[in-house]
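Please read the structure below before turning to the comments.
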Amino acid sequence: MASNSTGRFEDQAAAQQRFLSLFLRSEREIFRYVAALVPNVADAEDIVQQAALALWEKFDAYDPNQPFTPWACRFALNKAKQWFERHQRWQALLEGGLAEELAQRREELRPELDARLKHLEDCLNKLPEEQHSLVEGYYYRRETIEKLAASSGRNVAATYKTLQRIRQALQHCIEAAARPEGVVP
Amino acid sequence: MKLDFPSREFDETVAGVCHGAASEEQMRALNELLRSNSSARDEYILRLELHSRLASEPDLFVSTVAEEQGAVRSGGFQPAILPISNLQPLTGSGGAEPPSIARRKRFLPWPQALAACLALLAAGWWGLRLSRPNERKGTTSKAVAMLDRAVDAQWNSRDEAPRLGAPLEPGWLRLKSGLAQLVFYSGARVVIEGPTELELISPGGAFCRNGRLTAEVPPQAKGFRVSSPQMKVTDLGTAFGLDVKERQTELHVFKGTVEFQPAASTAKQSLHEGAGAVADGSRPPRLIKANRAEFAPLFDLQDRSSVAEVLRHEQWRAASSRLDEDSSLLVHFDFEQADKSDWRLPNVSSGKNAAPDATIVGCQWVEGRWPDKHALEFRNVSDRVRLSVPGEFESLTLAAWVRVQGLDRQFNSLFMCDGFEIGTLHWLLRKDGVLGLTIVGPASGKHQIVGSSSVLTLDEFGMWMHLGVVLDGKAKLVTHYVNGVQVSGKPLKKNPPFRIGAAELGNWNASGFPDNDPSLIRNFSGAMDEFCLFSRALRADEIRALYSVGKPQPDPLSQNRN
């Protein structure tokens, strides 16, 4: 991408900035794309990070007239596949073409998912304080389950269970809110 | 194993997948189900989407976090371009890292090119945006700027209103109206005019979503950056103004040179003094002439803020002279005397039982709550104000405006009666930030010590604050107040009468106890610019009134609350 040797550094820096700006804008999207396949947050972040590297290496080939996110998601899918080839459990989950199928179906469901999840913040704010702070600790502060368990006086299994119930409650809430009558219970 | 849908096993397996805890057997069963049952698959996708949104949208949590932590400190992510933070570990920004990140750091092979690219992240702008939300919580050390001046400032909500002199951590400042001046720790000075929403990002930069600001950037802060949805502005040692509207940003350069980059392009352009540019996101930016008049109110802040301060001082003086009529006011030091060489500190109370004037020993005269208000600063071990208050009382109230500089001693005296005479008082700040009142008993070990919880943190150092304590002998209650708000209320176990006798502000005369015992050195480190002693128990609303008429800047929301 350098036109001459003196301009190379500037060009390189500009390309980096351009890449970062594009990547960071899409990063949440890419993360969610990956998390639809490998939902465990830490693993999904690993995969996104490896995808970022691959994207930067191939950034020369990116056509700026094309939207960045779908281009990036293709890399992310490849990285995810490479990743679960090395992780047998996840291989078992996603084999038989399920990974592609999930990714594709998710794309089709997108408008519906967005319609429901736009109520997530309201629903989150309706949670009782203790539940809210557990969700916040797990998803926002990224505290370990052990620490969350210790501070809530539950054991680890019960803490996982509580998180599951809270997500269930949130799901009921967003679904109720997304129904035509739009009443949040 | 075979999974049915819907079933409890399905719910548990999906949760296990989200937590990374599902077994291989469960995953295999899930795979079979999802490939054969399309409603199970759609349900699965929705559940995972809910989970991944929670993990990737810090904004979902920011509002509540901000409330808990009182305002701007916790700040927030700006939705559109702010990322989750998986590149963060390479920026070397330190801080407590969650285990997943620490782990990732070790085994990722980073090619040279991206490493170089990530060096940019470390340079600040992106790096800070990448920092994890939890890194912006916590103590003063994360602060990037301070609120230096404010005129008629109304903030978005009471919780968000920063106090003058308060350190500001990365996060949003939402000024509804009025003017506020921020000094970034890089040295850059930014004046904002409400309505403006500004996100403090680092000592070297901020993001303005909408509103108007001027920035003055001294040479040491060169490189200071302000961005808007439409452009990024890098200051090269100048003064400039930015007007951010919904779809366009105007940049006006008043002095020196700035570099700007429209959001829609990668090309940077330089603008010199007198020039300006308008960017609206789509077309190339249009060049305009800088218009200083448009920003006049922001340049006038200095003038207007001193007018506002003089006004505030006047209002306090008026309230103060009304207060002096209160017949229960035994002592009122307003520290307003003209002659600073005078060692007398006049008691301005006109109550019939007013105590005699006090004597200043040592101390320095310094600036008080307002630039033309005087205050006494206590710094040395010998600095003190000596006074004497005759009489016996059923109840007493003490109140003072102080600026704490440090808590150097185990006990830092605000007001202490000499020695340990029965029925006398020691009002103090403990080293751990606890406000305490000791009611001296007949013997050592028989005193009643009434402490608040820890009320004074590093954040409060250097700021004017109102402290009060009410000793109510009738209701049998001791109540501590900070800035007009009750911080503790505990039963009083000692019986009246209470006495003052010989006493000191800002120090203690151990009177008969050995001078060389370090626990007996109790000098205060800080300044005081008003002190009141009443021979009755003031009600909570009276304490609040003392605070409101005396606070350095008017209540930002007072007009809204009536």
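Ordering of the structure tokens sets the chain letters (A, B, ...), residue numbers begin anew at 1 in every chain, and ligands are numbered from 1 in the order given.
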
Backbone DSSP call of alpha helix (DSSP H) for stretch 6-171 of chain A, listed as number ranges by chain: A: 6-35, 41-57, 68-85, 88-94, 98-117, 120-126, 129-135, 145-152, 156-171

With C-alpha atoms kept, could you save the residues just selected as a compact mmCIF listing (two decimals), in the first residue's frame?
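Saved result, selection25.txt, follows:
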# COMPACT_ATOMS: atom_id res chain seq x y z
CA THR A 6 9.29 7.91 2.40
CA GLY A 7 5.52 7.67 2.48
CA ARG A 8 5.49 4.10 3.61
CA PHE A 9 5.37 4.72 7.29
CA GLU A 10 2.57 7.25 7.01
CA ASP A 11 0.64 4.97 4.69
CA GLN A 12 1.09 2.10 7.04
CA ALA A 13 -0.06 4.16 9.99
CA ALA A 14 -3.06 5.40 8.06
CA ALA A 15 -3.99 1.87 7.05
CA GLN A 16 -3.71 0.75 10.63
CA GLN A 17 -5.96 3.52 11.73
CA ARG A 18 -8.45 2.77 9.02
CA PHE A 19 -8.41 -0.89 9.95
CA LEU A 20 -8.85 -0.19 13.63
CA SER A 21 -11.65 2.18 13.05
CA LEU A 22 -13.50 -0.34 10.88
CA PHE A 23 -12.74 -3.23 13.13
CA LEU A 24 -13.73 -1.53 16.32
CA ARG A 25 -17.01 -0.42 14.84
CA SER A 26 -17.81 -3.99 13.91
CA GLU A 27 -16.28 -5.67 16.87
CA ARG A 28 -19.46 -6.20 18.87
CA GLU A 29 -21.21 -7.55 15.81
CA ILE A 30 -18.36 -9.94 15.11
CA PHE A 31 -18.34 -11.02 18.72
CA ARG A 32 -22.03 -11.84 18.64
CA TYR A 33 -21.61 -13.69 15.38
CA VAL A 34 -18.93 -15.84 16.98
CA ALA A 35 -20.85 -16.19 20.23
CA VAL A 41 -17.56 -15.43 26.50
CA ALA A 42 -13.85 -15.94 27.07
CA ASP A 43 -13.56 -18.40 24.19
CA ALA A 44 -15.56 -16.19 21.87
CA GLU A 45 -13.27 -13.29 22.68
CA ASP A 46 -10.24 -15.43 21.88
CA ILE A 47 -11.69 -16.27 18.52
CA VAL A 48 -12.54 -12.66 17.74
CA GLN A 49 -9.01 -11.71 18.58
CA GLN A 50 -7.55 -14.30 16.26
CA ALA A 51 -9.94 -13.14 13.58
CA ALA A 52 -8.65 -9.59 14.10
CA LEU A 53 -5.13 -10.75 13.35
CA ALA A 54 -6.19 -12.56 10.24
CA LEU A 55 -8.20 -9.57 9.08
CA TRP A 56 -5.28 -7.23 9.49
CA GLU A 57 -3.04 -9.56 7.53
CA PHE A 68 -16.79 -4.49 6.54
CA THR A 69 -18.78 -6.60 8.99
CA PRO A 70 -19.83 -9.45 6.67
CA TRP A 71 -16.29 -9.60 5.31
CA ALA A 72 -14.96 -9.81 8.84
CA CYS A 73 -17.53 -12.40 9.87
CA ARG A 74 -16.32 -14.74 7.13
CA PHE A 75 -12.89 -14.68 8.72
CA ALA A 76 -14.42 -15.13 12.12
CA LEU A 77 -16.29 -18.20 10.94
CA ASN A 78 -13.05 -19.72 9.66
CA LYS A 79 -11.28 -18.94 12.90
CA ALA A 80 -14.15 -20.42 14.87
CA LYS A 81 -13.95 -23.60 12.84
CA GLN A 82 -10.22 -23.86 13.36
CA TRP A 83 -10.82 -23.28 17.02
CA PHE A 84 -13.37 -26.00 17.54
CA GLU A 85 -11.31 -28.44 15.57
CA GLN A 88 -13.55 -31.69 20.80
CA ARG A 89 -16.60 -30.79 22.88
CA TRP A 90 -17.40 -27.87 20.66
CA GLN A 91 -16.72 -29.94 17.60
CA ALA A 92 -19.45 -32.27 18.85
CA LEU A 93 -21.83 -29.34 19.18
CA LEU A 94 -21.19 -27.80 15.79
CA LEU A 98 -24.61 -26.94 12.22
CA ALA A 99 -22.18 -24.02 12.51
CA GLU A 100 -23.05 -22.70 9.04
CA GLU A 101 -26.69 -23.42 9.58
CA LEU A 102 -26.78 -21.48 12.86
CA ALA A 103 -24.93 -18.55 11.32
CA GLN A 104 -27.28 -18.43 8.38
CA ARG A 105 -30.47 -18.83 10.37
CA ARG A 106 -29.35 -16.18 12.80
CA GLU A 107 -28.97 -13.79 9.89
CA GLU A 108 -32.53 -14.57 8.77
CA LEU A 109 -33.87 -14.09 12.28
CA ARG A 110 -32.00 -10.85 12.73
CA PRO A 111 -34.99 -8.45 12.50
CA GLU A 112 -36.92 -10.55 14.96
CA LEU A 113 -34.00 -10.81 17.37
CA ASP A 114 -33.47 -7.07 17.22
CA ALA A 115 -37.16 -6.41 17.84
CA ARG A 116 -37.04 -8.44 21.01
CA LEU A 117 -33.67 -7.46 22.30
CA LEU A 120 -33.36 -5.85 27.05
CA GLU A 121 -32.26 -2.72 28.87
CA ASP A 122 -35.74 -2.03 30.24
CA CYS A 123 -36.09 -5.62 31.32
CA LEU A 124 -32.69 -5.59 32.91
CA ASN A 125 -33.67 -2.55 34.92
CA LYS A 126 -36.75 -4.34 36.19
CA GLU A 129 -31.43 -5.62 42.81
CA GLU A 130 -29.68 -8.83 43.82
CA GLN A 131 -30.28 -10.40 40.43
CA HIS A 132 -29.24 -7.27 38.64
CA SER A 133 -25.99 -7.12 40.46
CA LEU A 134 -25.26 -10.77 39.74
CA VAL A 135 -25.83 -10.22 36.00
CA ILE A 145 -18.11 -17.40 38.95
CA GLU A 146 -16.22 -18.37 42.08
CA LYS A 147 -16.02 -14.80 43.21
CA LEU A 148 -19.69 -14.17 42.43
CA ALA A 149 -20.60 -17.33 44.29
CA ALA A 150 -18.56 -16.34 47.30
CA SER A 151 -20.03 -12.87 47.47
CA SER A 152 -23.62 -14.10 47.14
CA VAL A 156 -20.82 -22.29 42.07
CA ALA A 157 -23.49 -24.60 40.69
CA ALA A 158 -26.27 -22.61 42.32
CA THR A 159 -24.78 -19.40 40.95
CA TYR A 160 -24.80 -20.80 37.41
CA LYS A 161 -28.36 -21.90 38.00
CA THR A 162 -29.35 -18.46 39.21
CA LEU A 163 -27.81 -16.88 36.12
CA GLN A 164 -29.79 -19.29 33.98
CA ARG A 165 -33.01 -18.33 35.77
CA ILE A 166 -32.28 -14.66 35.40
CA ARG A 167 -31.71 -15.05 31.66
CA GLN A 168 -34.99 -16.93 31.50
CA ALA A 169 -36.76 -14.12 33.30
CA LEU A 170 -35.19 -11.60 30.93
CA GLN A 171 -36.29 -13.66 27.97

Near-B:Ser39 list (12 Å; only C-alpha atoms; drop same-chain fewer than 4 positions) as a ChimeraX atom specification: /A:105 /B:4-6,33-35,43-46
